[in-house]
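Everything below belongs to final-v6.csv, which stores CSV, C-alpha atoms.
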chain,number,residue,atom,x,y,z
A,1,MET,CA,-8.5,6.9,-13.4
A,2,GLN,CA,-7.8,9.3,-16.2
A,3,TYR,CA,-4.7,11.3,-17.0
A,4,ILE,CA,-5.3,14.8,-18.3
A,5,PHE,CA,-3.3,17.9,-19.3
A,6,ILE,CA,-4.2,21.0,-17.4
A,7,ARG,CA,-2.9,24.5,-17.9
A,8,ASN,CA,-5.3,26.5,-15.6
A,9,PHE,CA,-7.2,25.7,-12.5
A,10,THR,CA,-10.6,27.3,-12.0
A,11,GLY,CA,-13.9,26.7,-10.2
A,12,ALA,CA,-14.5,23.2,-8.8
A,13,ARG,CA,-11.2,21.8,-10.2
A,14,LYS,CA,-9.3,24.5,-8.3
A,15,GLU,CA,-11.1,23.5,-5.1
A,16,LYS,CA,-10.2,19.9,-5.7
A,17,LEU,CA,-6.6,20.9,-6.2
A,18,ASP,CA,-6.5,22.9,-3.0
A,19,THR,CA,-8.0,19.9,-1.1
A,20,PHE,CA,-5.4,17.6,-2.6
A,21,LEU,CA,-2.5,19.8,-1.8
A,22,ALA,CA,-3.7,20.4,1.8
A,23,LEU,CA,-3.9,16.7,2.4
A,24,CYS,CA,-0.4,16.1,1.0
A,25,ARG,CA,1.0,18.9,3.2
A,26,THR,CA,-0.6,17.4,6.2
A,27,GLN,CA,0.9,14.0,5.4
A,28,ASP,CA,4.3,15.0,4.1
A,29,GLY,CA,5.0,18.5,5.5
A,30,ASN,CA,6.6,20.5,2.7
A,31,LEU,CA,5.6,19.8,-0.8
A,32,PRO,CA,8.2,19.4,-3.6
A,33,MET,CA,10.2,22.6,-3.7
A,34,LEU,CA,9.7,23.4,-7.4
A,35,ASN,CA,6.2,24.0,-8.6
A,36,LEU,CA,3.1,23.1,-6.7
A,37,PRO,CA,1.9,26.5,-5.4
A,38,ASP,CA,-1.7,27.3,-4.5
A,39,GLU,CA,-2.2,30.2,-6.8
A,40,PRO,CA,-1.4,30.9,-9.5
A,41,MET,CA,0.2,27.8,-11.0
A,42,ASP,CA,3.9,28.7,-11.4
A,43,CYS,CA,4.5,26.4,-14.3
A,44,GLU,CA,3.6,26.0,-17.9
A,45,GLY,CA,1.2,23.2,-17.3
A,46,CYS,CA,0.7,19.9,-15.6
A,47,ILE,CA,-0.4,16.3,-16.0
A,48,ALA,CA,-3.0,15.3,-13.4
A,49,ALA,CA,-4.3,11.9,-12.4
A,50,ILE,CA,-8.0,12.3,-11.6
A,51,PHE,CA,-10.7,9.8,-10.6
A,52,LYS,CA,-13.4,9.9,-13.3
A,53,ASN,CA,-16.4,9.7,-11.0
A,54,SER,CA,-15.4,12.2,-8.2
A,55,GLY,CA,-12.9,14.4,-10.0
A,56,ASP,CA,-10.6,14.1,-7.0
A,57,PHE,CA,-6.9,14.3,-7.6
A,58,ALA,CA,-4.7,11.2,-7.2
A,59,GLY,CA,-1.5,12.8,-8.4
A,60,ILE,CA,0.0,15.7,-10.2
A,61,LEU,CA,3.1,16.4,-12.2
A,62,THR,CA,4.1,20.0,-13.1
A,63,TYR,CA,6.6,21.1,-15.7
A,64,LEU,CA,8.4,24.2,-16.7
A,65,GLN,CA,10.4,24.3,-19.9
A,66,THR,CA,13.4,26.6,-20.2
A,67,LYS,CA,15.9,26.9,-23.0
A,68,ASP,CA,18.2,24.2,-21.4
A,69,CYS,CA,16.0,21.9,-19.4
A,70,PHE,CA,12.6,20.7,-18.3
A,71,GLU,CA,12.0,21.4,-14.6
A,72,LEU,CA,9.6,18.8,-13.1
A,73,ALA,CA,7.9,18.2,-9.8
A,74,ALA,CA,5.4,15.5,-8.9
A,75,ILE,CA,3.3,14.4,-5.9
A,76,VAL,CA,0.9,11.5,-5.4
A,77,HIS,CA,-2.0,11.2,-3.0
A,78,PRO,CA,-0.7,9.5,0.2
A,79,GLU,CA,-3.3,6.7,0.0
A,80,TYR,CA,-2.5,5.8,-3.6
A,81,ARG,CA,1.3,5.6,-3.6
A,82,LYS,CA,3.2,2.5,-4.8
A,83,GLN,CA,0.4,1.9,-7.4
A,84,GLY,CA,2.2,3.0,-10.5
A,85,ILE,CA,0.7,6.5,-10.6
A,86,PHE,CA,4.0,8.2,-10.4
A,87,THR,CA,5.3,6.3,-13.4
A,88,ALA,CA,2.0,6.8,-15.3
A,89,LEU,CA,2.3,10.6,-14.8
A,90,TYR,CA,5.7,10.7,-16.3
A,91,ARG,CA,4.7,8.5,-19.3
A,92,GLU,CA,1.7,10.9,-19.9
A,93,PHE,CA,4.2,13.8,-19.8
A,94,GLU,CA,6.3,12.0,-22.4
A,95,LYS,CA,3.2,11.6,-24.7
A,96,LYS,CA,1.5,14.9,-24.1
A,97,VAL,CA,4.4,17.2,-23.8
A,98,LEU,CA,7.7,15.7,-25.1
A,99,ALA,CA,6.2,14.2,-28.1
A,100,GLU,CA,4.6,17.4,-29.2
A,101,SER,CA,7.5,19.7,-28.4
A,102,SER,CA,9.6,20.9,-31.4
A,103,ASN,CA,12.5,21.9,-29.2
A,104,ILE,CA,13.2,19.4,-26.5
A,105,PRO,CA,16.0,20.3,-24.0
A,106,ASP,CA,18.5,17.6,-23.2
A,107,THR,CA,18.3,17.9,-19.4
A,108,ILE,CA,15.6,17.1,-16.9
A,109,VAL,CA,15.7,18.8,-13.5
A,110,TRP,CA,13.9,17.3,-10.6
A,111,PRO,CA,14.0,18.5,-7.0
A,112,LEU,CA,14.4,15.8,-4.3
A,113,SER,CA,14.3,15.8,-0.6
A,114,ASP,CA,17.3,14.4,1.2
A,115,SER,CA,15.6,11.0,1.7
A,116,ASP,CA,13.7,10.9,-1.6
A,117,THR,CA,15.3,8.4,-4.0
A,118,LYS,CA,12.2,7.2,-6.0
A,119,VAL,CA,12.7,9.9,-8.7
A,120,ALA,CA,16.4,9.0,-9.2
A,121,ARG,CA,15.6,5.3,-9.3
A,122,PHE,CA,12.8,5.8,-11.8
A,123,LEU,CA,14.7,8.1,-14.2
A,124,SER,CA,17.7,5.8,-14.1
A,125,HIS,CA,15.4,2.9,-14.9
A,126,ILE,CA,14.1,4.7,-18.1
A,127,GLY,CA,17.7,5.4,-19.2
A,128,LYS,CA,18.3,8.9,-18.0
A,129,GLN,CA,21.8,9.5,-16.8
A,130,GLU,CA,22.4,11.6,-13.8
A,131,SER,CA,24.7,14.6,-14.5
A,132,TYR,CA,25.1,16.2,-11.1
A,133,ARG,CA,23.1,17.4,-8.1
A,134,GLU,CA,22.6,20.9,-6.7
A,135,PHE,CA,22.4,21.1,-2.9
A,136,LEU,CA,20.7,23.7,-0.8
A,137,MET,CA,22.6,23.8,2.5
A,138,THR,CA,21.6,25.8,5.6
A,139,LEU,CA,23.3,26.9,8.8
A,140,ASP,CA,21.3,27.5,12.0
A,141,LEU,CA,23.0,30.4,13.7
A,142,SER,CA,21.3,29.8,17.0
A,143,LYS,CA,23.5,26.7,17.3
A,144,TYR,CA,26.6,28.2,15.8
A,145,PHE,CA,29.6,29.1,18.0
A,146,TYR,CA,31.8,32.0,17.1
A,147,LEU,CA,35.0,30.8,15.4
A,148,TYR,CA,38.2,32.8,15.5
A,149,HIS,CA,41.6,32.4,13.9
A,150,ASN,CA,45.0,34.0,14.5
A,151,ALA,CA,46.4,35.0,11.2
A,152,PRO,CA,47.8,38.1,9.6
A,153,PHE,CA,44.7,38.9,7.5
A,154,THR,CA,42.6,41.9,7.1
A,155,PHE,CA,38.8,41.8,6.6
A,156,PHE,CA,36.8,44.6,5.1
A,157,THR,CA,33.0,44.6,5.2
A,158,LYS,CA,30.6,46.9,3.4
A,159,ARG,CA,27.0,47.2,2.4
A,160,HIS,CA,25.9,47.1,-1.2
A,161,VAL,CA,25.3,50.6,-2.6
A,162,LYS,CA,21.9,49.7,-4.1
A,163,LYS,CA,20.7,47.0,-1.7
A,164,GLU,CA,21.2,47.6,2.0
A,165,SER,CA,20.4,44.0,2.9
A,166,THR,CA,23.5,42.8,0.9
A,167,TYR,CA,26.9,42.7,2.5
A,168,ILE,CA,30.2,42.3,0.7
A,169,TYR,CA,33.1,40.7,2.6
A,170,HIS,CA,36.7,41.0,1.4
A,171,LEU,CA,39.8,39.1,2.6
A,172,TYR,CA,43.2,40.8,2.3
A,173,LYS,CA,46.7,39.4,2.8
A,174,GLY,CA,48.8,42.5,3.1
A,175,LEU,CA,47.6,44.9,0.5
A,176,ARG,CA,46.4,42.2,-1.8
A,177,LYS,CA,42.7,41.2,-2.0
A,178,ILE,CA,42.6,37.5,-2.1
A,179,GLY,CA,38.9,36.7,-1.5
A,180,THR,CA,35.3,38.0,-1.7
A,181,CYS,CA,31.9,36.8,-0.8
A,182,TYR,CA,28.4,38.2,-0.7
A,183,VAL,CA,25.5,37.7,1.8
A,184,SER,CA,22.0,38.9,0.9
A,185,ASP,CA,19.0,38.2,3.1
A,186,GLY,CA,20.7,35.2,4.5
A,187,CYS,CA,21.9,33.8,1.2
A,188,ILE,CA,25.7,33.3,0.7
A,189,TYR,CA,26.8,33.5,-2.9
A,190,ASN,CA,29.8,34.4,-5.1
A,191,VAL,CA,32.4,33.0,-2.8
A,192,GLU,CA,35.6,33.6,-4.7
A,193,ILE,CA,39.3,33.1,-3.7
A,194,HIS,CA,42.2,34.1,-5.9
A,195,PRO,CA,43.5,31.0,-7.7
A,196,THR,CA,47.0,31.3,-6.1
A,197,TYR,CA,45.4,31.0,-2.6
A,198,ARG,CA,42.9,28.2,-3.2
A,199,ARG,CA,43.0,25.0,-1.2
A,200,LYS,CA,44.9,26.8,1.6
A,201,ARG,CA,41.9,27.4,3.9
A,202,PHE,CA,41.4,31.0,2.9
A,203,GLY,CA,37.8,30.3,2.0
A,204,ASN,CA,37.3,28.9,5.4
A,205,LYS,CA,38.6,32.1,7.0
A,206,LEU,CA,36.5,34.4,4.8
A,207,LEU,CA,33.3,32.5,5.5
A,208,ILE,CA,34.0,32.4,9.3
A,209,HIS,CA,34.2,36.2,9.2
A,210,ALA,CA,31.0,36.6,7.2
A,211,ILE,CA,29.1,34.1,9.4
A,212,ASN,CA,30.3,35.8,12.6
A,213,HIS,CA,29.2,39.2,11.2
A,214,GLN,CA,25.8,38.0,10.1
A,215,ARG,CA,25.2,36.5,13.5
A,216,LYS,CA,26.0,39.8,15.2
A,217,LEU,CA,23.5,41.5,12.9
A,218,GLY,CA,20.8,39.2,14.2
A,219,GLN,CA,20.5,36.8,11.3
A,220,LYS,CA,19.0,33.5,12.4
A,221,ARG,CA,19.8,31.2,9.5
A,222,LEU,CA,22.1,31.3,6.5
A,223,PHE,CA,21.8,29.2,3.3
A,224,LEU,CA,23.7,28.6,0.1
A,225,HIS,CA,23.6,26.6,-3.1
A,226,VAL,CA,26.4,24.3,-4.3
A,227,THR,CA,26.7,21.5,-6.8
A,228,SER,CA,28.0,18.0,-6.3
A,229,LEU,CA,30.7,18.8,-8.8
A,230,ASN,CA,32.4,21.2,-6.4
A,231,ILE,CA,33.6,18.6,-3.9
A,232,ALA,CA,36.0,21.0,-2.1
A,233,ALA,CA,33.2,23.6,-1.4
A,234,CYS,CA,30.8,20.9,-0.2
A,235,ARG,CA,33.4,19.7,2.3
A,236,LEU,CA,34.1,23.3,3.4
A,237,TYR,CA,30.5,24.1,4.1
A,238,GLN,CA,30.0,20.8,6.0
A,239,THR,CA,33.0,21.6,8.3
A,240,LEU,CA,31.4,25.0,9.1
A,241,GLY,CA,28.2,23.3,10.2
A,242,PHE,CA,26.0,23.7,7.1
A,243,GLU,CA,23.5,20.9,6.7
A,244,LEU,CA,21.8,19.5,3.6
A,245,ALA,CA,18.2,20.8,3.3
A,246,GLU,CA,17.2,20.0,-0.3
A,247,GLN,CA,18.7,18.8,-3.5
A,248,ILE,CA,17.9,19.0,-7.2
A,249,ILE,CA,19.0,16.2,-9.5
A,250,TYR,CA,20.0,16.9,-13.1
A,251,PHE,CA,19.5,14.1,-15.7
A,252,LYS,CA,20.6,13.9,-19.3
Please lay out the structure from this file as C-alpha coordinates.
Amino acid sequence: MQYIFIRNFTGARKEKLDTFLALCRTQDGNLPMLNLPDEPMDCEGCIAAIFKNSGDFAGILTYLQTKDCFELAAIVHPEYRKQGIFTALYREFEKKVLAESSNIPDTIVWPLSDSDTKVARFLSHIGKQESYREFLMTLDLSKYFYLYHNAPFTFFTKRHVKKESTYIYHLYKGLRKIGTCYVSDGCIYNVEIHPTYRRKRFGNKLLIHAINHQRKLGQKRLFLHVTSLNIAACRLYQTLGFELAEQIIYFK
(Lines of atoms letter the chains of each structure in order from A and count residues from 1; the text may use other names and numbers.)
(Lines give C-alpha, C1' and ligand atoms only; values in the text may rest on other atoms or scores of the structure.)
Protein backbone atom coordinates (compact mmCIF):
# COMPACT_ATOMS: atom_id res chain seq x y z
CA MET A 1 0.00 0.00 0.00
CA GLN A 2 1.28 3.48 -0.82
CA TYR A 3 -0.06 6.88 0.18
CA ILE A 4 0.28 9.59 -2.45
CA PHE A 5 -0.77 13.20 -2.95
CA ILE A 6 -3.01 13.77 -5.99
CA ARG A 7 -4.27 17.07 -7.36
CA ASN A 8 -5.76 15.98 -10.68
CA PHE A 9 -7.27 12.73 -11.93
CA THR A 10 -6.73 11.74 -15.56
CA GLY A 11 -6.62 8.60 -17.69
CA ALA A 12 -6.41 5.24 -15.92
CA ARG A 13 -6.28 6.83 -12.47
CA LYS A 14 -9.57 8.62 -13.16
CA GLU A 15 -11.14 5.29 -14.16
CA LYS A 16 -9.84 3.68 -10.97
CA LEU A 17 -11.32 6.53 -8.94
CA ASP A 18 -14.72 6.19 -10.62
CA THR A 19 -14.74 2.45 -9.93
CA PHE A 20 -13.82 3.06 -6.29
CA LEU A 21 -16.53 5.71 -5.78
CA ALA A 22 -19.18 3.58 -7.51
CA LEU A 23 -18.37 0.66 -5.22
CA CYS A 24 -18.55 2.87 -2.12
CA ARG A 25 -21.89 4.30 -3.24
CA THR A 26 -23.27 0.80 -3.74
CA GLN A 27 -22.16 -0.17 -0.24
CA ASP A 28 -22.88 3.02 1.69
CA GLY A 29 -25.48 4.90 -0.35
CA ASN A 30 -24.48 8.55 -0.20
CA LEU A 31 -20.82 9.47 -0.04
CA PRO A 32 -19.57 12.04 2.50
CA MET A 33 -21.34 15.31 1.76
CA LEU A 34 -18.25 17.49 1.26
CA ASN A 35 -15.85 16.66 -1.52
CA LEU A 36 -15.87 13.41 -3.40
CA PRO A 37 -17.52 14.36 -6.71
CA ASP A 38 -16.94 12.48 -9.93
CA GLU A 39 -15.67 15.36 -12.02
CA PRO A 40 -14.04 17.68 -11.52
CA MET A 41 -12.47 17.26 -8.09
CA ASP A 42 -14.06 20.03 -6.06
CA CYS A 43 -11.13 20.36 -3.65
CA GLU A 44 -7.53 21.52 -3.62
CA GLY A 45 -6.12 18.02 -3.51
CA CYS A 46 -6.32 14.67 -1.82
CA ILE A 47 -4.34 11.93 -0.13
CA ALA A 48 -5.02 8.53 -1.67
CA ALA A 49 -4.25 5.03 -0.43
CA ILE A 50 -3.42 2.94 -3.52
CA PHE A 51 -2.31 -0.66 -3.94
CA LYS A 52 1.12 -0.65 -5.57
CA ASN A 53 0.56 -3.55 -7.94
CA SER A 54 -2.95 -2.86 -9.24
CA GLY A 55 -3.26 0.89 -8.70
CA ASP A 56 -6.71 0.36 -7.18
CA PHE A 57 -7.90 2.78 -4.50
CA ALA A 58 -8.24 1.60 -0.91
CA GLY A 59 -9.15 5.02 0.48
CA ILE A 60 -9.13 8.71 -0.21
CA LEU A 61 -9.07 11.89 1.88
CA THR A 62 -9.87 15.23 0.25
CA TYR A 63 -9.20 18.67 1.65
CA LEU A 64 -10.16 22.25 0.93
CA GLN A 65 -8.30 25.06 2.69
CA THR A 66 -10.11 28.30 3.41
CA LYS A 67 -8.98 31.32 5.39
CA ASP A 68 -10.43 29.98 8.64
CA CYS A 69 -10.40 26.21 8.36
CA PHE A 70 -9.53 22.98 6.59
CA GLU A 71 -12.59 21.16 5.23
CA LEU A 72 -11.93 17.41 5.09
CA ALA A 73 -13.79 14.35 3.86
CA ALA A 74 -12.63 10.75 3.70
CA ILE A 75 -13.85 7.34 2.63
CA VAL A 76 -12.27 3.89 2.78
CA HIS A 77 -12.98 0.87 0.59
CA PRO A 78 -15.66 -1.28 2.31
CA GLU A 79 -13.43 -4.37 2.28
CA TYR A 80 -10.46 -2.62 3.93
CA ARG A 81 -12.07 -0.76 6.80
CA LYS A 82 -10.90 -1.19 10.40
CA GLN A 83 -7.34 -1.75 9.14
CA GLY A 84 -5.87 1.64 10.03
CA ILE A 85 -6.23 3.17 6.56
CA PHE A 86 -8.38 6.03 7.84
CA THR A 87 -5.76 6.97 10.43
CA ALA A 88 -2.94 6.61 7.92
CA LEU A 89 -4.71 8.93 5.46
CA TYR A 90 -4.95 11.65 8.09
CA ARG A 91 -1.33 11.19 9.17
CA GLU A 92 -0.23 11.55 5.55
CA PHE A 93 -2.36 14.70 5.32
CA GLU A 94 -0.47 16.07 8.32
CA LYS A 95 2.89 15.30 6.72
CA LYS A 96 2.17 16.29 3.13
CA VAL A 97 -0.16 19.27 3.65
CA LEU A 98 -0.08 20.67 7.18
CA ALA A 99 3.69 20.43 7.53
CA GLU A 100 4.22 22.30 4.26
CA SER A 101 1.55 24.98 4.75
CA SER A 102 2.75 28.42 5.78
CA ASN A 103 -0.67 29.54 7.01
CA ILE A 104 -2.45 26.77 8.89
CA PRO A 105 -6.05 27.46 10.00
CA ASP A 106 -6.97 26.61 13.58
CA THR A 107 -10.14 24.71 12.72
CA ILE A 108 -10.80 21.40 11.02
CA VAL A 109 -14.26 20.89 9.53
CA TRP A 110 -15.45 17.36 8.87
CA PRO A 111 -18.92 16.28 7.66
CA LEU A 112 -20.50 13.35 9.50
CA SER A 113 -23.58 11.27 8.95
CA ASP A 114 -25.94 10.97 11.90
CA SER A 115 -24.46 7.59 12.89
CA ASP A 116 -20.83 8.27 11.95
CA THR A 117 -18.74 8.70 15.09
CA LYS A 118 -15.34 7.39 13.95
CA VAL A 119 -14.16 10.84 12.82
CA ALA A 120 -15.12 12.43 16.13
CA ARG A 121 -13.43 9.65 18.11
CA PHE A 122 -10.29 9.81 16.00
CA LEU A 123 -9.87 13.58 16.12
CA SER A 124 -10.50 13.59 19.86
CA HIS A 125 -7.86 10.87 20.20
CA ILE A 126 -5.22 13.03 18.51
CA GLY A 127 -6.01 16.01 20.73
CA LYS A 128 -8.48 17.98 18.62
CA GLN A 129 -11.18 19.65 20.71
CA GLU A 130 -14.70 19.81 19.31
CA SER A 131 -15.99 23.38 19.04
CA TYR A 132 -19.54 22.82 17.79
CA ARG A 133 -21.61 21.04 15.19
CA GLU A 134 -23.65 22.32 12.29
CA PHE A 135 -26.83 20.37 11.55
CA LEU A 136 -28.71 19.98 8.28
CA MET A 137 -32.36 19.38 9.17
CA THR A 138 -35.13 18.49 6.75
CA LEU A 139 -38.93 18.45 6.84
CA ASP A 140 -40.94 16.10 4.62
CA LEU A 141 -44.03 18.11 3.71
CA SER A 142 -45.86 15.01 2.46
CA LYS A 143 -46.06 13.93 6.12
CA TYR A 144 -46.70 17.40 7.49
CA PHE A 145 -50.11 18.41 8.82
CA TYR A 146 -51.28 21.98 8.58
CA LEU A 147 -50.88 23.79 11.88
CA TYR A 148 -52.95 26.77 12.88
CA HIS A 149 -52.93 29.19 15.75
CA ASN A 150 -55.48 31.65 17.11
CA ALA A 151 -53.59 34.82 17.87
CA PRO A 152 -53.89 38.52 16.98
CA PHE A 153 -51.04 38.50 14.46
CA THR A 154 -50.72 39.57 10.86
CA PHE A 155 -48.59 37.77 8.32
CA PHE A 156 -47.29 39.31 5.13
CA THR A 157 -45.77 37.23 2.35
CA LYS A 158 -43.99 38.52 -0.73
CA ARG A 159 -41.66 37.32 -3.44
CA HIS A 160 -38.11 38.55 -3.67
CA VAL A 161 -37.79 41.26 -6.30
CA LYS A 162 -34.78 39.70 -8.05
CA LYS A 163 -35.38 36.00 -7.37
CA GLU A 164 -38.89 34.67 -7.88
CA SER A 165 -38.19 31.38 -6.07
CA THR A 166 -37.45 33.29 -2.84
CA TYR A 167 -40.29 34.19 -0.48
CA ILE A 168 -40.05 36.60 2.45
CA TYR A 169 -42.34 36.10 5.42
CA HIS A 170 -43.04 38.88 7.93
CA LEU A 171 -44.81 38.62 11.28
CA TYR A 172 -46.56 41.69 12.68
CA LYS A 173 -48.08 42.38 16.06
CA GLY A 174 -50.30 45.35 15.49
CA LEU A 175 -48.31 47.70 13.29
CA ARG A 176 -44.95 46.49 14.52
CA LYS A 177 -42.93 43.97 12.53
CA ILE A 178 -41.51 41.48 15.02
CA GLY A 179 -40.21 38.69 12.80
CA THR A 180 -38.89 37.77 9.37
CA CYS A 181 -37.73 34.65 7.59
CA TYR A 182 -36.77 33.69 4.04
CA VAL A 183 -37.40 30.52 2.04
CA SER A 184 -35.56 29.98 -1.24
CA ASP A 185 -35.82 26.75 -3.25
CA GLY A 186 -36.84 24.88 -0.13
CA CYS A 187 -34.13 26.33 2.12
CA ILE A 188 -35.24 28.26 5.22
CA TYR A 189 -32.78 30.91 6.36
CA ASN A 190 -32.44 34.27 8.13
CA VAL A 191 -35.10 33.50 10.72
CA GLU A 192 -35.11 36.60 12.90
CA ILE A 193 -37.34 37.64 15.80
CA HIS A 194 -37.14 41.04 17.49
CA PRO A 195 -35.16 40.67 20.77
CA THR A 196 -38.14 41.84 22.85
CA TYR A 197 -40.30 38.99 21.53
CA ARG A 198 -37.85 36.10 21.64
CA ARG A 199 -38.56 32.95 23.68
CA LYS A 200 -42.29 33.67 23.46
CA ARG A 201 -43.11 31.23 20.61
CA PHE A 202 -43.25 33.95 17.95
CA GLY A 203 -40.63 32.09 15.93
CA ASN A 204 -42.88 29.04 16.06
CA LYS A 205 -45.83 31.03 14.67
CA LEU A 206 -43.74 32.59 11.89
CA LEU A 207 -42.32 29.25 10.77
CA ILE A 208 -45.73 27.56 10.82
CA HIS A 209 -47.01 30.25 8.47
CA ALA A 210 -44.01 29.85 6.14
CA ILE A 211 -44.26 26.05 6.14
CA ASN A 212 -48.01 26.08 5.42
CA HIS A 213 -47.49 28.50 2.55
CA GLN A 214 -44.65 26.47 1.04
CA ARG A 215 -46.78 23.35 1.15
CA LYS A 216 -49.59 25.15 -0.65
CA LEU A 217 -47.08 26.12 -3.33
CA GLY A 218 -46.30 22.44 -3.90
CA GLN A 219 -42.93 22.27 -2.15
CA LYS A 220 -42.18 18.65 -1.18
CA ARG A 221 -39.37 19.16 1.31
CA LEU A 222 -37.84 22.00 3.32
CA PHE A 223 -34.38 22.14 4.85
CA LEU A 224 -32.29 24.44 7.02
CA HIS A 225 -28.93 24.71 8.75
CA VAL A 226 -28.50 25.33 12.47
CA THR A 227 -25.57 24.99 14.86
CA SER A 228 -25.48 23.05 18.10
CA LEU A 229 -24.77 26.34 19.88
CA ASN A 230 -28.31 27.53 19.11
CA ILE A 231 -30.11 25.15 21.45
CA ALA A 232 -33.44 27.00 21.38
CA ALA A 233 -33.59 26.93 17.57
CA CYS A 234 -32.73 23.21 17.47
CA ARG A 235 -35.60 22.46 19.84
CA LEU A 236 -37.98 24.66 17.85
CA TYR A 237 -37.22 22.91 14.57
CA GLN A 238 -37.61 19.49 16.18
CA THR A 239 -41.05 20.39 17.57
CA LEU A 240 -42.11 21.39 14.05
CA GLY A 241 -41.09 17.99 12.69
CA PHE A 242 -37.64 18.69 11.24
CA GLU A 243 -35.30 15.70 11.33
CA LEU A 244 -31.52 15.56 11.37
CA ALA A 245 -30.14 14.62 7.94
CA GLU A 246 -26.43 15.45 8.16
CA GLN A 247 -24.01 17.17 10.48
CA ILE A 248 -20.62 18.84 10.25
CA ILE A 249 -18.28 18.78 13.20
CA TYR A 250 -15.88 21.64 13.88
CA PHE A 251 -12.63 20.89 15.73
CA LYS A 252 -9.97 23.19 17.09
Just the residues within 10 Å of Leu175 in chain A, please, counting only C-alpha atoms, with nothing from its chain fewer than 3 positions along; format it as a list in words. Phe153, Thr154, Leu171, Tyr172 and Ile178 of chain A
Rounded to one decimal in Å, what is the spacing between CA of Phe251 in chain A and CA of Ile108 in chain A?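 Rounded to one decimal, the two atoms are 5.1 Å apart.
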Name the closest residue to Glu134 in chain A among the candidates A:Ser228, A:Thr62, A:Thr10, A:Thr26; distances are taken between atoms, counting only C-alpha atoms.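 Checking each of A:Ser228, A:Thr62, A:Thr10, A:Thr26 against Glu134 in chain A, counting only C-alpha atoms, the winner is A:Ser228.
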Between CA of Gly186 in chain A and CA of Phe156 in chain A, what is the spacing in Å?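 Interatomic distance, CA of Phe156 in chain A to CA of Gly186 in chain A: 18.7 Å.
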Hey, can you check how far CA of Ile249 in chain A sits from CA of Glu92 in chain A? 20.9 Å
Report as a JSON list (two decimals) with C-alpha atoms, keeping the file's coordinate frame all protein, DNA and RNA residues lying within 8 Å of Phe51 in chain A, evaluated on all atoms listed in the file, omitting residues in the same chain fewer than 5 positions from it.
[["chain", "number", "residue", "atom", "x", "y", "z"],
["A", 1, "MET", "CA", -8.50, 6.90, -13.40],
["A", 2, "GLN", "CA", -7.80, 9.30, -16.20],
["A", 56, "ASP", "CA", -10.60, 14.10, -7.00],
["A", 57, "PHE", "CA", -6.90, 14.30, -7.60],
["A", 58, "ALA", "CA", -4.70, 11.20, -7.20]]
Near His209 in chain A, within 8 Å and counting all atoms listed in the file, which residues show up once chain neighbours fewer than 4 positions away are dropped, as an NGL selection string? :A and (155 or 205 or 213)
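Proximity ranking of A:Glu246, A:Thr180, A:Gly45, A:Asn53 relative to Glu71 in chain A places A:Gly45 first, based on all atoms listed in the file.
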Which residues are close to range 164-170 of chain A, i.e. within 12 Å by all atoms listed in the file, leaving aside same-chain residues fewer than 2 positions away? Reply as a count of residues only. 46
Residue nearest Leu64 in chain A - candidates A:Lys52, A:Val109, A:Tyr90, A:Gln83, atoms counted: only C-alpha atoms: A:Val109
Taking (25.3, 26.3, -4.5) as a centre in this file's frame and 12 Å as the limit, can you find every polymer residue with an atom that close, using only C-alpha atoms, and give them as a CSV table (one decimal) with C-alpha atoms, keeping the file's coordinate frame?
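The resulting file, result11.csv, is shown below:
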chain,number,residue,atom,x,y,z
A,133,ARG,CA,23.1,17.4,-8.1
A,134,GLU,CA,22.6,20.9,-6.7
A,135,PHE,CA,22.4,21.1,-2.9
A,136,LEU,CA,20.7,23.7,-0.8
A,137,MET,CA,22.6,23.8,2.5
A,138,THR,CA,21.6,25.8,5.6
A,187,CYS,CA,21.9,33.8,1.2
A,188,ILE,CA,25.7,33.3,0.7
A,189,TYR,CA,26.8,33.5,-2.9
A,190,ASN,CA,29.8,34.4,-5.1
A,191,VAL,CA,32.4,33.0,-2.8
A,223,PHE,CA,21.8,29.2,3.3
A,224,LEU,CA,23.7,28.6,0.1
A,225,HIS,CA,23.6,26.6,-3.1
A,226,VAL,CA,26.4,24.3,-4.3
A,227,THR,CA,26.7,21.5,-6.8
A,228,SER,CA,28.0,18.0,-6.3
A,229,LEU,CA,30.7,18.8,-8.8
A,230,ASN,CA,32.4,21.2,-6.4
A,231,ILE,CA,33.6,18.6,-3.9
A,233,ALA,CA,33.2,23.6,-1.4
A,234,CYS,CA,30.8,20.9,-0.2
A,237,TYR,CA,30.5,24.1,4.1
A,242,PHE,CA,26.0,23.7,7.1
A,244,LEU,CA,21.8,19.5,3.6
A,245,ALA,CA,18.2,20.8,3.3
A,246,GLU,CA,17.2,20.0,-0.3
A,247,GLN,CA,18.7,18.8,-3.5
A,248,ILE,CA,17.9,19.0,-7.2
